[in-house]
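Visitor: Please find model-v5.cif (mmCIF, C-alpha atoms) on the next line:
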data_model
loop_
_atom_site.group_PDB
_atom_site.id
_atom_site.type_symbol
_atom_site.label_atom_id
_atom_site.label_comp_id
_atom_site.auth_asym_id
_atom_site.auth_seq_id
_atom_site.Cartn_x
_atom_site.Cartn_y
_atom_site.Cartn_z
ATOM 1 C CA SER K 91 10.219 130.837 -1.493
ATOM 2 C CA ASP K 92 9.123 133.687 0.785
ATOM 3 C CA LEU K 93 11.725 135.963 2.344
ATOM 4 C CA ASP K 94 10.908 137.863 5.508
ATOM 5 C CA VAL K 95 12.902 141.094 5.928
ATOM 6 C CA PRO K 96 12.787 142.863 9.298
ATOM 7 C CA VAL K 97 12.025 146.600 9.380
ATOM 8 C CA VAL K 98 12.462 148.824 12.442
ATOM 9 C CA VAL K 99 9.270 150.857 12.857
ATOM 10 C CA THR K 100 8.357 153.260 15.643
ATOM 11 C CA ALA K 101 4.583 153.781 15.515
ATOM 12 C CA VAL K 102 3.057 156.500 17.677
ATOM 13 C CA GLY K 103 -0.727 156.477 18.036
ATOM 14 C CA ALA K 104 -3.165 159.361 18.327
ATOM 15 C CA LYS K 105 -3.614 159.042 22.112
ATOM 16 C CA LEU K 106 0.117 159.221 22.843
ATOM 17 C CA LEU K 107 0.581 162.102 20.416
ATOM 18 C CA GLN K 108 -2.175 164.026 22.172
ATOM 19 C CA ASP K 109 -0.983 163.244 25.701
ATOM 20 C CA THR K 110 2.590 164.338 24.966
ATOM 21 C CA GLY K 111 1.594 167.482 23.058
ATOM 22 C CA VAL K 112 3.204 166.425 19.780
ATOM 23 C CA LYS K 113 1.926 168.725 17.033
ATOM 24 C CA ASP K 114 4.664 168.473 14.415
ATOM 25 C CA ILE K 115 7.617 166.335 13.389
ATOM 26 C CA LYS K 116 10.055 168.359 15.492
ATOM 27 C CA ASP K 117 8.063 167.441 18.614
ATOM 28 C CA LEU K 118 8.185 163.783 17.557
ATOM 29 C CA THR K 119 11.857 163.574 18.545
ATOM 30 C CA ILE K 120 10.843 163.246 22.210
ATOM 31 C CA LEU K 121 9.113 159.941 21.416
ATOM 32 C CA THR K 122 11.385 158.446 18.744
ATOM 33 C CA PRO K 123 14.895 157.198 19.572
ATOM 34 C CA GLY K 124 17.372 157.900 16.788
ATOM 35 C CA LEU K 125 15.349 160.727 15.186
ATOM 36 C CA THR K 126 17.008 164.158 14.996
ATOM 37 C CA VAL K 127 15.363 167.233 13.479
ATOM 38 C CA THR K 128 17.193 170.528 12.961
ATOM 39 C CA SER K 129 16.630 173.850 11.213
ATOM 40 C CA THR K 130 19.446 175.889 9.694
ATOM 41 C CA THR K 131 18.824 179.164 7.864
ATOM 42 C CA SER K 132 15.014 178.903 8.016
ATOM 43 C CA GLU K 133 12.205 176.483 8.766
ATOM 44 C CA ALA K 134 12.165 175.743 5.027
ATOM 45 C CA SER K 135 15.644 174.230 5.475
ATOM 46 C CA THR K 136 14.544 171.889 8.254
ATOM 47 C CA THR K 137 15.951 168.408 7.872
ATOM 48 C CA ALA K 138 15.412 165.082 9.610
ATOM 49 C CA ARG K 139 18.040 162.465 10.310
ATOM 50 C CA VAL K 140 17.525 158.851 11.343
ATOM 51 C CA ARG K 141 20.342 157.178 13.285
ATOM 52 C CA GLY K 142 22.499 160.181 12.399
ATOM 53 C CA VAL K 143 21.997 159.736 8.651
ATOM 54 C CA GLY K 144 20.267 162.380 6.572
ATOM 55 C CA THR K 145 20.673 165.267 4.160
ATOM 56 C CA VAL K 146 21.759 168.468 5.880
ATOM 57 C CA GLY K 147 22.234 171.686 3.919
ATOM 58 C CA ASP K 148 20.863 175.167 3.335
ATOM 59 C CA ASN K 149 20.125 174.634 -0.346
ATOM 60 C CA PRO K 150 16.319 174.419 -0.802
ATOM 61 C CA GLY K 151 16.911 172.276 -3.890
ATOM 62 C CA LEU K 152 18.146 169.368 -1.779
ATOM 63 C CA GLU K 153 15.631 166.613 -1.110
ATOM 64 C CA SER K 154 16.087 164.849 2.193
ATOM 65 C CA SER K 155 17.212 161.238 2.387
ATOM 66 C CA VAL K 156 14.634 160.868 5.177
ATOM 67 C CA GLY K 157 11.403 161.019 3.217
ATOM 68 C CA VAL K 158 8.283 162.682 4.626
ATOM 69 C CA VAL K 159 4.980 161.157 3.514
ATOM 70 C CA ILE K 160 1.687 162.734 4.595
ATOM 71 C CA ASP K 161 -1.495 160.764 3.861
ATOM 72 C CA GLY K 162 0.259 158.768 1.160
ATOM 73 C CA VAL K 163 1.770 161.809 -0.592
ATOM 74 C CA TYR K 164 5.559 162.161 -0.745
ATOM 75 C CA ARG K 165 6.552 165.705 0.269
ATOM 76 C CA SER K 166 9.835 166.690 -1.332
ATOM 77 C CA ARG K 167 10.423 169.567 1.100
ATOM 78 C CA ASN K 168 10.510 168.569 4.757
ATOM 79 C CA SER K 169 9.352 171.984 5.948
ATOM 80 C CA VAL K 170 5.736 171.011 5.276
ATOM 81 C CA GLY K 171 5.869 168.645 8.243
ATOM 82 C CA PHE K 172 6.905 171.254 10.775
ATOM 83 C CA GLY K 173 3.687 173.173 11.062
ATOM 84 C CA ASP K 174 0.705 171.950 13.053
ATOM 85 C CA LEU K 175 -0.220 168.570 11.543
ATOM 86 C CA GLY K 176 -3.653 168.658 13.160
ATOM 87 C CA GLU K 177 -5.690 165.614 14.117
ATOM 88 C CA MET K 178 -3.567 162.532 13.560
ATOM 89 C CA ASP K 179 -4.348 158.847 13.416
ATOM 90 C CA ARG K 180 -0.697 157.890 13.896
ATOM 91 C CA ILE K 181 2.863 158.663 12.837
ATOM 92 C CA GLU K 182 5.280 155.927 11.796
ATOM 93 C CA VAL K 183 9.052 156.348 11.709
ATOM 94 C CA LEU K 184 10.634 153.647 9.546
ATOM 95 C CA LYS K 185 14.389 153.366 10.018
ATOM 96 C CA GLY K 186 16.740 152.323 7.256
ATOM 97 C CA PRO K 187 16.283 152.264 3.452
ATOM 98 C CA GLN K 188 12.622 152.245 2.390
ATOM 99 C CA GLY K 189 12.883 152.516 -1.392
ATOM 100 C CA THR K 190 10.934 149.293 -1.991
ATOM 101 C CA LEU K 191 7.684 150.678 -0.571
ATOM 102 C CA PHE K 192 8.163 154.459 -0.627
ATOM 103 C CA GLY K 193 10.302 155.109 -3.715
ATOM 104 C CA LYS K 194 13.175 157.544 -4.178
ATOM 105 C CA ASN K 195 14.904 159.685 -1.547
ATOM 106 C CA THR K 196 14.219 157.348 1.370
ATOM 107 C CA SER K 197 17.682 155.849 1.795
ATOM 108 C CA ALA K 198 17.874 156.799 5.488
ATOM 109 C CA GLY K 199 14.243 156.265 6.473
ATOM 110 C CA VAL K 200 10.678 157.520 6.227
ATOM 111 C CA ILE K 201 8.397 159.587 8.447
ATOM 112 C CA ASN K 202 4.896 158.455 7.517
ATOM 113 C CA VAL K 203 2.129 160.741 8.801
ATOM 114 C CA LEU K 204 -1.496 159.615 8.680
ATOM 115 C CA THR K 205 -4.102 162.195 9.626
ATOM 116 C CA LYS K 206 -7.616 161.398 10.793
ATOM 117 C CA ALA K 207 -10.093 160.804 8.001
ATOM 118 C CA PRO K 208 -13.645 162.247 7.984
ATOM 119 C CA GLU K 209 -16.208 160.295 9.986
ATOM 120 C CA PHE K 210 -19.914 159.668 9.450
ATOM 121 C CA GLU K 211 -20.709 160.546 13.058
ATOM 122 C CA PHE K 212 -20.591 164.162 14.194
ATOM 123 C CA GLY K 213 -17.662 165.151 16.372
ATOM 124 C CA ALA K 214 -15.912 168.377 17.368
ATOM 125 C CA GLU K 215 -13.073 169.488 19.597
ATOM 126 C CA ALA K 216 -11.186 172.649 20.475
ATOM 127 C CA GLU K 217 -7.865 173.272 22.181
ATOM 128 C CA ALA K 218 -6.078 176.316 23.622
ATOM 129 C CA THR K 219 -2.509 176.577 24.902
ATOM 130 C CA PHE K 220 -0.557 179.232 26.799
ATOM 131 C CA GLY K 221 3.074 179.270 27.853
ATOM 132 C CA ASN K 222 6.155 181.326 28.548
ATOM 133 C CA TYR K 223 7.699 183.703 26.006
ATOM 134 C CA GLY K 224 4.174 184.931 25.276
ATOM 135 C CA SER K 225 3.156 181.611 23.781
ATOM 136 C CA LYS K 226 -0.492 181.237 22.847
ATOM 137 C CA GLY K 227 -2.372 179.178 20.344
ATOM 138 C CA GLY K 228 -5.494 177.273 19.624
ATOM 139 C CA SER K 229 -7.179 174.910 17.234
ATOM 140 C CA VAL K 230 -10.667 173.791 16.304
ATOM 141 C CA ALA K 231 -11.792 170.677 14.473
ATOM 142 C CA VAL K 232 -15.136 169.350 13.330
ATOM 143 C CA THR K 233 -16.201 166.235 11.432
ATOM 144 C CA GLY K 234 -19.495 164.671 10.435
ATOM 145 C CA PRO K 235 -21.808 163.505 7.640
ATOM 146 C CA ILE K 236 -22.794 165.725 4.728
ATOM 147 C CA ILE K 237 -24.820 163.049 2.937
ATOM 148 C CA ALA K 238 -25.694 160.086 5.152
ATOM 149 C CA ASP K 239 -23.423 157.089 4.497
ATOM 150 C CA LYS K 240 -22.188 158.679 1.245
ATOM 151 C CA LEU K 241 -20.228 161.861 1.984
ATOM 152 C CA ALA K 242 -18.470 163.057 5.145
ATOM 153 C CA GLY K 243 -16.220 166.011 5.882
ATOM 154 C CA ARG K 244 -13.548 167.113 8.334
ATOM 155 C CA LEU K 245 -12.184 170.613 8.912
ATOM 156 C CA PHE K 246 -9.191 171.580 11.066
ATOM 157 C CA ALA K 247 -7.757 175.054 11.691
ATOM 158 C CA ALA K 248 -5.037 176.285 14.050
ATOM 159 C CA LYS K 249 -3.221 179.526 14.886
ATOM 160 C CA ARG K 250 -0.085 179.714 17.054
ATOM 161 C CA GLU K 251 2.142 182.567 18.217
ATOM 162 C CA ARG K 252 5.197 182.856 20.485
ATOM 163 C CA ASP K 253 7.921 185.400 21.106
ATOM 164 C CA GLY K 254 11.453 184.371 20.249
ATOM 165 C CA PHE K 255 13.536 182.744 22.995
ATOM 166 C CA TYR K 256 16.878 184.044 21.676
ATOM 167 C CA THR K 257 17.989 187.551 22.643
ATOM 168 C CA ILE K 258 19.732 189.215 19.704
ATOM 169 C CA LYS K 259 22.400 191.904 19.907
ATOM 170 C CA THR K 260 22.134 193.637 16.560
ATOM 171 C CA GLY K 261 25.324 195.707 16.718
ATOM 172 C CA ALA K 262 25.560 198.416 14.060
ATOM 173 C CA GLY K 263 23.703 196.407 11.411
ATOM 174 C CA PRO K 264 20.330 197.028 9.759
ATOM 175 C CA ARG K 265 18.474 194.428 11.825
ATOM 176 C CA THR K 266 15.846 195.831 14.201
ATOM 177 C CA ALA K 267 14.326 192.654 15.727
ATOM 178 C CA THR K 268 15.946 191.809 19.072
ATOM 179 C CA ASP K 269 14.553 188.291 19.398
ATOM 180 C CA ASP K 270 14.672 185.177 17.227
ATOM 181 C CA ALA K 271 13.046 181.748 16.888
ATOM 182 C CA ASN K 272 9.592 183.205 17.312
ATOM 183 C CA GLN K 273 6.446 181.466 16.135
ATOM 184 C CA ASP K 274 3.624 182.989 14.099
ATOM 185 C CA PHE K 275 1.666 180.753 11.752
ATOM 186 C CA TYR K 276 -1.775 179.498 10.873
ATOM 187 C CA THR K 277 -2.869 176.358 9.094
ATOM 188 C CA ILE K 278 -6.097 174.899 7.755
ATOM 189 C CA ARG K 279 -6.931 171.460 6.365
ATOM 190 C CA GLY K 280 -10.215 170.355 4.831
ATOM 191 C CA GLN K 281 -11.187 166.817 3.837
ATOM 192 C CA LEU K 282 -14.038 165.073 2.055
ATOM 193 C CA LEU K 283 -14.663 161.313 2.179
ATOM 194 C CA ALA K 284 -17.001 159.847 -0.456
ATOM 195 C CA THR K 285 -18.231 156.253 -0.451
ATOM 196 C CA PRO K 286 -20.560 156.002 -3.485
ATOM 197 C CA THR K 287 -20.586 152.187 -3.290
ATOM 198 C CA ASP K 288 -19.337 149.529 -0.912
ATOM 199 C CA GLU K 289 -16.400 148.900 -3.249
ATOM 200 C CA LEU K 290 -15.370 152.514 -3.936
ATOM 201 C CA LYS K 291 -13.930 155.136 -1.584
ATOM 202 C CA PHE K 292 -12.520 158.568 -2.416
ATOM 203 C CA ARG K 293 -10.713 160.939 -0.036
ATOM 204 C CA PHE K 294 -10.014 164.523 -1.073
ATOM 205 C CA ILE K 295 -7.651 166.672 1.058
ATOM 206 C CA GLY K 296 -6.692 170.327 0.736
ATOM 207 C CA ASP K 297 -4.349 172.174 3.097
ATOM 208 C CA TYR K 298 -2.801 175.632 3.446
ATOM 209 C CA THR K 299 -0.181 176.955 5.870
ATOM 210 C CA LYS K 300 1.422 180.382 6.164
ATOM 211 C CA ARG K 301 4.335 181.303 8.440
ATOM 212 C CA ASP K 302 5.744 184.770 9.203
ATOM 213 C CA GLU K 303 8.611 184.150 11.605
ATOM 214 C CA ARG K 304 12.290 184.662 12.343
ATOM 215 C CA CYS K 305 14.716 181.752 12.217
ATOM 216 C CA CYS K 306 17.444 180.561 12.767
ATOM 217 C CA VAL K 307 20.325 182.092 14.733
ATOM 218 C CA GLY K 308 22.890 180.212 16.797
ATOM 219 C CA VAL K 309 24.555 180.966 20.102
ATOM 220 C CA GLN K 310 28.191 181.829 19.528
ATOM 221 C CA ILE K 311 30.650 180.479 22.074
ATOM 222 C CA VAL K 312 34.046 182.180 22.081
ATOM 223 C CA THR K 313 36.789 181.008 24.413
ATOM 224 C CA GLY K 314 40.480 181.705 24.853
ATOM 225 C CA PRO K 315 42.269 184.830 23.607
ATOM 226 C CA THR K 316 39.879 185.282 20.666
ATOM 227 C CA GLY K 317 37.165 186.802 22.874
ATOM 228 C CA PRO K 318 38.999 189.984 23.895
ATOM 229 C CA ILE K 319 40.046 190.566 20.282
ATOM 230 C CA LEU K 320 36.417 190.397 19.104
ATOM 231 C CA ASP K 321 35.420 192.700 21.955
ATOM 232 C CA ALA K 322 37.979 195.267 20.865
ATOM 233 C CA LEU K 323 36.886 195.151 17.214
ATOM 234 C CA SER K 324 33.127 195.153 17.894
ATOM 235 C CA ALA K 325 31.055 198.285 17.397
ATOM 236 C CA ASP K 326 29.114 197.552 20.588
ATOM 237 C CA SER K 327 29.621 195.330 23.627
ATOM 238 C CA GLY K 328 31.083 192.431 21.655
ATOM 239 C CA VAL K 329 30.723 188.817 22.646
ATOM 240 C CA SER K 330 29.778 187.409 26.019
ATOM 241 C CA ILE K 331 32.834 186.683 28.165
ATOM 242 C CA PRO K 332 32.853 184.245 29.773
ATOM 243 C CA ALA K 333 30.652 182.316 27.339
ATOM 244 C CA LYS K 334 27.139 181.672 28.702
ATOM 245 C CA PRO K 335 25.294 179.566 26.107
ATOM 246 C CA PHE K 336 22.236 179.017 28.299
ATOM 247 C CA ASP K 337 21.579 182.757 28.383
ATOM 248 C CA ARG K 338 20.554 182.277 24.712
ATOM 249 C CA ILE K 339 22.257 185.490 23.613
ATOM 250 C CA SER K 340 23.226 185.684 19.966
ATOM 251 C CA TYR K 341 24.751 188.284 17.665
ATOM 252 C CA ALA K 342 23.270 189.086 14.264
ATOM 253 C CA ASN K 343 23.101 192.299 12.280
ATOM 254 C CA ARG K 344 21.169 190.739 9.406
ATOM 255 C CA SER K 345 17.469 189.984 9.242
ATOM 256 C CA THR K 346 16.285 186.416 9.721
ATOM 257 C CA ASP K 347 12.687 187.137 8.701
ATOM 258 C CA GLN K 348 11.033 184.314 6.789
ATOM 259 C CA GLN K 349 7.727 184.067 4.996
ATOM 260 C CA ILE K 350 6.783 180.509 4.092
ATOM 261 C CA GLU K 351 3.619 179.479 2.279
ATOM 262 C CA ASP K 352 2.693 175.859 1.744
ATOM 263 C CA LYS K 353 -0.420 174.508 0.079
ATOM 264 C CA GLY K 354 -1.530 171.363 -1.657
ATOM 265 C CA VAL K 355 -4.372 169.094 -2.679
ATOM 266 C CA SER K 356 -4.597 165.334 -3.008
ATOM 267 C CA LEU K 357 -7.146 162.763 -4.123
ATOM 268 C CA GLU K 358 -6.940 159.156 -3.009
ATOM 269 C CA GLY K 359 -9.164 156.516 -4.561
ATOM 270 C CA GLU K 360 -9.612 152.940 -3.337
ATOM 271 C CA TRP K 361 -11.360 150.195 -5.280
ATOM 272 C CA THR K 362 -11.974 146.824 -3.688
ATOM 273 C CA THR K 363 -11.678 144.637 -6.769
ATOM 274 C CA PRO K 364 -13.400 141.307 -7.371
ATOM 275 C CA TRP K 365 -10.012 139.765 -8.143
ATOM 276 C CA LEU K 366 -7.403 137.978 -6.030
ATOM 277 C CA GLY K 367 -9.688 137.550 -3.093
ATOM 278 C CA GLY K 368 -10.808 141.169 -2.978
ATOM 279 C CA ALA K 369 -7.506 142.932 -3.586
ATOM 280 C CA THR K 370 -7.592 146.733 -3.144
ATOM 281 C CA LEU K 371 -6.427 149.008 -5.940
ATOM 282 C CA THR K 372 -5.264 152.428 -4.650
ATOM 283 C CA SER K 373 -4.528 155.557 -6.674
ATOM 284 C CA ILE K 374 -3.157 158.822 -5.220
ATOM 285 C CA THR K 375 -2.911 162.052 -7.207
ATOM 286 C CA ALA K 376 -1.514 165.220 -5.619
ATOM 287 C CA ALA K 377 -0.264 168.692 -6.433
#
Would you write the structure of this file as structure tokens?
Guide:
Amino acid sequence: SDLDVPVVVTAVGAKLLQDTGVKDIKDLTILTPGLTVTSTTSEASTTARVRGVGTVGDNPGLESSVGVVIDGVYRSRNSVGFGDLGEMDRIEVLKGPQGTLFGKNTSAGVINVLTKAPEFEFGAEAEATFGNYGSKGGSVAVTGPIIADKLAGRLFAAKRERDGFYTIKTGAGPRTATDDANQDFYTIRGQLLATPTDELKFRFIGDYTKRDERCCVGVQIVTGPTGPILDALSADSGVSIPAKPFDRISYANRSTDQQIEDKGVSLEGEWTTPWLGGATLTSITAA
């Protein structure tokens, strides 16, 4: 007998993602109840939690219990999902264990990202953004046929910069940067879609992202008699008394510079078989 098992899925389409300015998985938290995304020592240590459950730690060897899947490829390090994801078809957040469909390391849930595939009609778009803290960025995208009805391509590129919104008191340490949580990265993704026959379809994707940023300090809150003691022992002005967390003032004499490089390729093949009423056989290979 058949057994229907309910699954909680939050699916966010391309139009809503565009209207709300969602460009990465961190932004997705504004649209998805129960999804929490935090960074600790660096963006490479970014972790996602669903309903409060997830893997949180600074060790880069830990694989999150909330799996991130981009265009069918499981990404063992969540940090790949926190750059600009580019043109998206939709993002699905599946809550609860998903090992049956998505395999290992999905005991808390899955964030399934599906980007836009190449199209056989020409299209292009560009976007520019400006904001406070010196924020500026832009992206360009183009898609269209290379060989009519047989081969199409899509190219996306983006560059984004922003000053840090934390003010850092460096004390007597070696650190020279007086801000933190800045943004400085670029990303590029190229795709090819081949349809040699009506039954065969191949999609090749290559992407590259590089980040040169500072992350991640915290705002220290000191109350009670401890504050004056720290003030007396500090080489400079000490901690903020009374505590003012919304001034975003932090204290760090060490560098938080981070250089993160992420790149990958994948090939997805689909064959509409003559068996079982036209069942589709899918193969995905990635590195």
Visitor: Can you work out which one of K:Ala333, K:Ile236, K:Ile339, K:Val98 has the shortest atom-to-atom distance to Val312 (chain K), counting all atoms listed in the file?
Guide: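 Using all atoms listed in the file, Val312 (chain K) sits closest to K:Ala333.
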Visitor: Evaluate the PyMOL selection byres ((chain K and resi 275) around 9) and record the selected residues as a ChimeraX atom specification, following the chain and residue labels used in the document.
Guide: /K:173-174,248-251,273-274,276-277,299-303
Visitor: How would you write, as a VMD selection string, the residues chosen by the PyMOL selection byres ((chain K and resi 123) around 10) on this structure?
Guide: chain K and resid 100 118 to 122 124 to 126 140 to 141 183
Visitor: Counting all atoms listed in the file, write as an MDAnalysis selection string all protein and nucleic acid residues lying at most 12 Å from (-9.9, 155.2, -3.5) in the file's frame.
Guide: chainID K and resid 162 283:294 356:363 370:375
Visitor: Please write out, as lines of an AutoDock Vina configuration file, where the centre of an axis-aligned box around all listed atoms of region 142-145 of chain K lies and how long its edges are, in Å to one decimal, after adding 8 Å on each side.
Guide:
center_x = 21.4
center_y = 162.5
center_z = 8.3
size_x = 18.2
size_y = 21.5
size_z = 24.2
Visitor: For the atom pair CA of Ala376 (chain K) and CA of Ile295 (chain K), what is the interatomic distance in Å to one decimal place?
Guide: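 Separation of CA of Ala376 (chain K) and CA of Ile295 (chain K): 9.2 Å.
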Visitor: I'd like the residues picked by the PyMOL selection byres ((chain K and resi 229) around 10) written out as a PyMOL selection string, using the chain letters and numbers from the file.
Guide: chain K and resi 174+176-177+215-219+227-228+230-231+246-250+276-278
Visitor: Extract, using all atoms listed in the file, all DNA, RNA and protein residues at most 12 Å from Leu191 (chain K), discarding same-chain residues fewer than 2 positions from it, and format them as a PyMOL selection string.
Guide: chain K and resi 97+157+159+162+164+184+187-189+193-197+199-200+202
Visitor: Could you check the closest approach to Lys185 (chain K) for each of K:Gly144, K:Gly308, K:Gly368, K:Pro335 and tell me which residue wins, using only C-alpha atoms?
Guide: K:Gly144
Visitor: From the options K:Val143, K:Ala238, K:Val99, K:Leu175, which residue's atoms come nearest to Asp117 (chain K), counting only C-alpha atoms?
Guide: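 Under the stated criterion, the closest residue is K:Leu175.
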Visitor: Taking only C-alpha atoms into account, name the residue in K:Arg338, K:Phe192, K:Asp253, K:Val112 that is nearest to Asn222 (chain K).
Guide: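 Answer, going by the shortest atom-to-atom distance: K:Asp253.
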